[in-house]
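Reviewing the structure listed below.
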Amino acid sequence: MNTAAIYHRPDSEFAYLYQAGVMHLRLRTAHADIAKVSLLAGDPYLMDSEKWDQKPVAMHRGLSTDLYDFWTAEVTTTHNRLAYGFQITGVDGTQIFYGDQGCYPVAQAKKSYFKMPYLHEIDRFKAPEWVKQTVWYQIFPERFANGDPSNDPEGSLPWSAQSPKAQDFYGGDLQGVLDHLDDLVDLGINGLYFCPIFKAHSNHKYDTIDYLEIDPSFGDKALFRKLVAECHQRGIKVMLDAVFNHLGDQSPQWQDVLQKGAASQYADWFHIHEFPVSYQAGRNFEDATDLTYEVFATTPHMPKLNTANPEVQDYLLKVARYWIEKFDIDAWRLDVANEVDHHFWKKFRQVCDAAKPDFYILGEIWHSSQSWLNGDEFSAVMNYAYTDAILDYFVKKEIPLNKMVSELNNQLMLYRDQTNQVQFNVLDSHDTARLLTAAQGNRDLMRQVMAFTYLQPGVPCLYYGDEYGMTGGNDPDCRKCLVWDADQQDLELYQFVKALIAVRKQYQPILSEGQLKWSIKESAPDVLKMTRILGNKKLTAIFNTGQTTVSLTQTQPVILSQQITLQEQQVQMAPNGFILY
């Protein structure tokens, strides 16, 4: 038995309150090393009377990675207290007890139990229920639709599908979004994620000038208030993007620093090492060297905010509260969230919860994010690590099938179940090449990878225009204008995306909360079978990622499919095909 691989940590993603009075427990062991795990658990004050330490309960072997197996159990508590330990039997016959002070042979077991002293409901990780039911649609406002040419920035180019340059303007605005809300309803969208709409110098608006004003080229507050109301009337939630890591260099605060130096009332709002502030121009507009102040990445035009400063905190928390209370937004997406201190985000969460109890907070973090997802900061993160594994296998062909499954399972075991249910799954965005371009124009492959992703835990997000077959490489090419001429749109792809969204919404409970099981056969390494199970309900999907047609037996009604032919109970599935039943 590989005891070094055995791991558990109380009060973490390995032991957490899932629902009131219901604990979820996990145990990690080396892959294929353990034959059986039994849980001994109960109220620490009632061990003598209930003798629960003599009543082992079998744990379930759940997800596995290439290194580990994860065992799970659900425990109901009566008095919100729990003590527990694990009896582990190896495939070699070895038996041990594993508790708070490590591993012991069963015969010599020192019954030092793990403890959850009291399960406080206020500490339970809570995510808004509505998020699990949402299919998001990301809008880059400057390129979605031009509904009001009168507010176009000076020098705006004619609306077209050409590849934009980094500093081009085309006149997209909030009126354009309002004009097309019914198109989004037809598609099945019930959540809009807006890239920043606040006053800023650039077309992307991540260089904020004023967080309390709508950028004039997008419209005004009255228009935004109307847009939110119209969205809510249609059952659509609204999420705004905010950059609290840095300001734009055109902001009045930074301009004051430039003019007054160390004497500026805002000098401590930033991380400044030397006055007057200066830098040497780098390779392009977004690059600099020899900076005397902290910035986002290497751009001199985005000075980093000192969020440990109480004045900065008060200002940003006022912003957070303002757009919730005055405009009834439903969520914040937080740019560069991993570069802001945890102390500030804890305050931010409290402000948002007080303003709207079922509020959703999404952090932009591209890596493992456990410290932000304990229930007192974010609801979820943009789940790039999860979807990267999907793209690496399906699209880039850089990893084998078993490695993708291992990576997905590993990501799921980093977080609580209720966290996984609201993670934000993106296949492309304003920061990445578009999915169809990454798939080298292969629409069958695009549809296959979308279907696979929409069946995963978490909530899917569609990047604007993907439903019409838009293409584009990395930023800024992924930010083209959406072409509204039907003759230039892939309407067949649109109908597929519409059908896929309908499936996601129809089977949402099982896709959000159901168990995930994989089936991979060595004899068919390019055929992936996955099953989602919730109670007595089951969904199964099979994907052919190889280069040859495969034969399958099919007896259940087909819910959604691609590249298949049915002959009685036999299915012929061509490359890039899938079937859901």
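Going through the structure tokens in order, the chains are called A, B, and so on, while each chain numbers its residues from 1 and the ligands are numbered from 1 in the order shown.
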Item to check | Secondary structure check, strand (DSSP E or B) residues of segment 236-431 of chain A, as a ChimeraX atom specification | outcome: /A:237-242,246,270,272,280-281,288-289,293,295,303-305,331-334,360-363,380-382,424-426
Checklist entry - Near Leu580 of chain A, counting only C-alpha atoms, which residues have an atom at most 8 Å away, once you skip same-chain residues fewer than 2 positions from it, shown as a ChimeraX atom specification? => result /A:539-542,558-561,578
Item to check | Straight-line distance linking atom CA of His430 of chain A with atom CA of Ile501 of chain A, stated in Å to one decimal | outcome: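 That distance, rounded to one decimal, is 21.0 Å.
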Next on the checklist: Taking only C-alpha atoms into account, name the residue in A:Thr89, A:Gln440, A:Thr471, A:Gln253 that is nearest to Gln162 of chain A.
Outcome noted: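 Among the listed residues, the smallest separation from Gln162 of chain A belongs to A:Thr471.
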Item to check | Separation of atom CA of Gln515 of chain A from atom CA of Asp66 of chain A in Å | outcome: 19.2 Å
Checklist entry - What is the atom CA of Ser217 of chain A to atom CA of Gly171 of chain A distance in Å? => result 7.1 Å
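Using only C-alpha atoms, the nearest neighbour of Ser379 of chain A within the list A:Arg333, A:Lys260, A:His120, A:His79 is A:Arg333.
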Next on the checklist: Env of Tyr464 of chain A: 7 Å cut, atoms = only C-alpha atoms, seq-sep filter 5 positions within chain, self excluded. Answer as a list in words.
Outcome noted: Tyr137, Gln138 and Ile139 of chain A
What would the file look like if the residues just selected were written as a PDB file, in the first residue's frame with N, CA, C and O atoms?
ATOM      1  N   TYR A 137     -23.797  34.279 -22.600  1.00  0.00           N
ATOM      2  CA  TYR A 137     -23.409  34.768 -23.921  1.00  0.00           C
ATOM      3  C   TYR A 137     -22.514  35.974 -23.690  1.00  0.00           C
ATOM      4  O   TYR A 137     -22.927  36.969 -23.086  1.00  0.00           O
ATOM      5  N   GLN A 138     -21.262  35.889 -24.135  1.00  0.00           N
ATOM      6  CA  GLN A 138     -20.318  36.983 -23.915  1.00  0.00           C
ATOM      7  C   GLN A 138     -20.380  37.993 -25.053  1.00  0.00           C
ATOM      8  O   GLN A 138     -20.279  37.635 -26.234  1.00  0.00           O
ATOM      9  N   ILE A 139     -20.510  39.264 -24.680  1.00  0.00           N
ATOM     10  CA  ILE A 139     -20.588  40.350 -25.655  1.00  0.00           C
ATOM     11  C   ILE A 139     -19.402  41.294 -25.480  1.00  0.00           C
ATOM     12  O   ILE A 139     -19.153  41.792 -24.373  1.00  0.00           O
TER      13      ILE A 139
END
Next on the checklist: Please identify the alpha helix (DSSP H) residues within segment 56-246 of chain A (assignment by DSSP from backbone atoms) and present them as a ChimeraX atom specification.
Outcome noted: /A:129-132,141-144,174-179,181-187,221-233
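Residues in contact with Val483 of chain A at up to 12 Å, not including ones fewer than 2 positions away on its chain and judged by only C-alpha atoms, are Arg143, Phe144, Ala145, Asn146, Pro158, Trp159, Ser160, Ala161, Gln162, Gly172, Tyr464, Gly465, Asp466, Glu467, Tyr468, Gly469, Met470, Thr471, Arg479, Lys480, Cys481, Asp485, Ala486, Asp487, Gln488, Gln489 and Asp490 of chain A.
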Checklist entry - Smallest atom-to-atom distance to Asp220 of chain A: which of A:Asn544, A:Gln87, A:Asn151, A:Gln421, using only C-alpha atoms? => result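 The answer is A:Asn151, which sits nearest to Asp220 of chain A.
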Checklist entry - Contacts of Phe194 of chain A at 7 Å or less, counting only C-alpha atoms, minus same-chain residues fewer than 5 places along, as a list in words? => result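 Near Phe194 of chain A, the qualifying residues are Gln138, Ile139, Phe140, Pro141, Met239, Leu240 and Asp241 of chain A.
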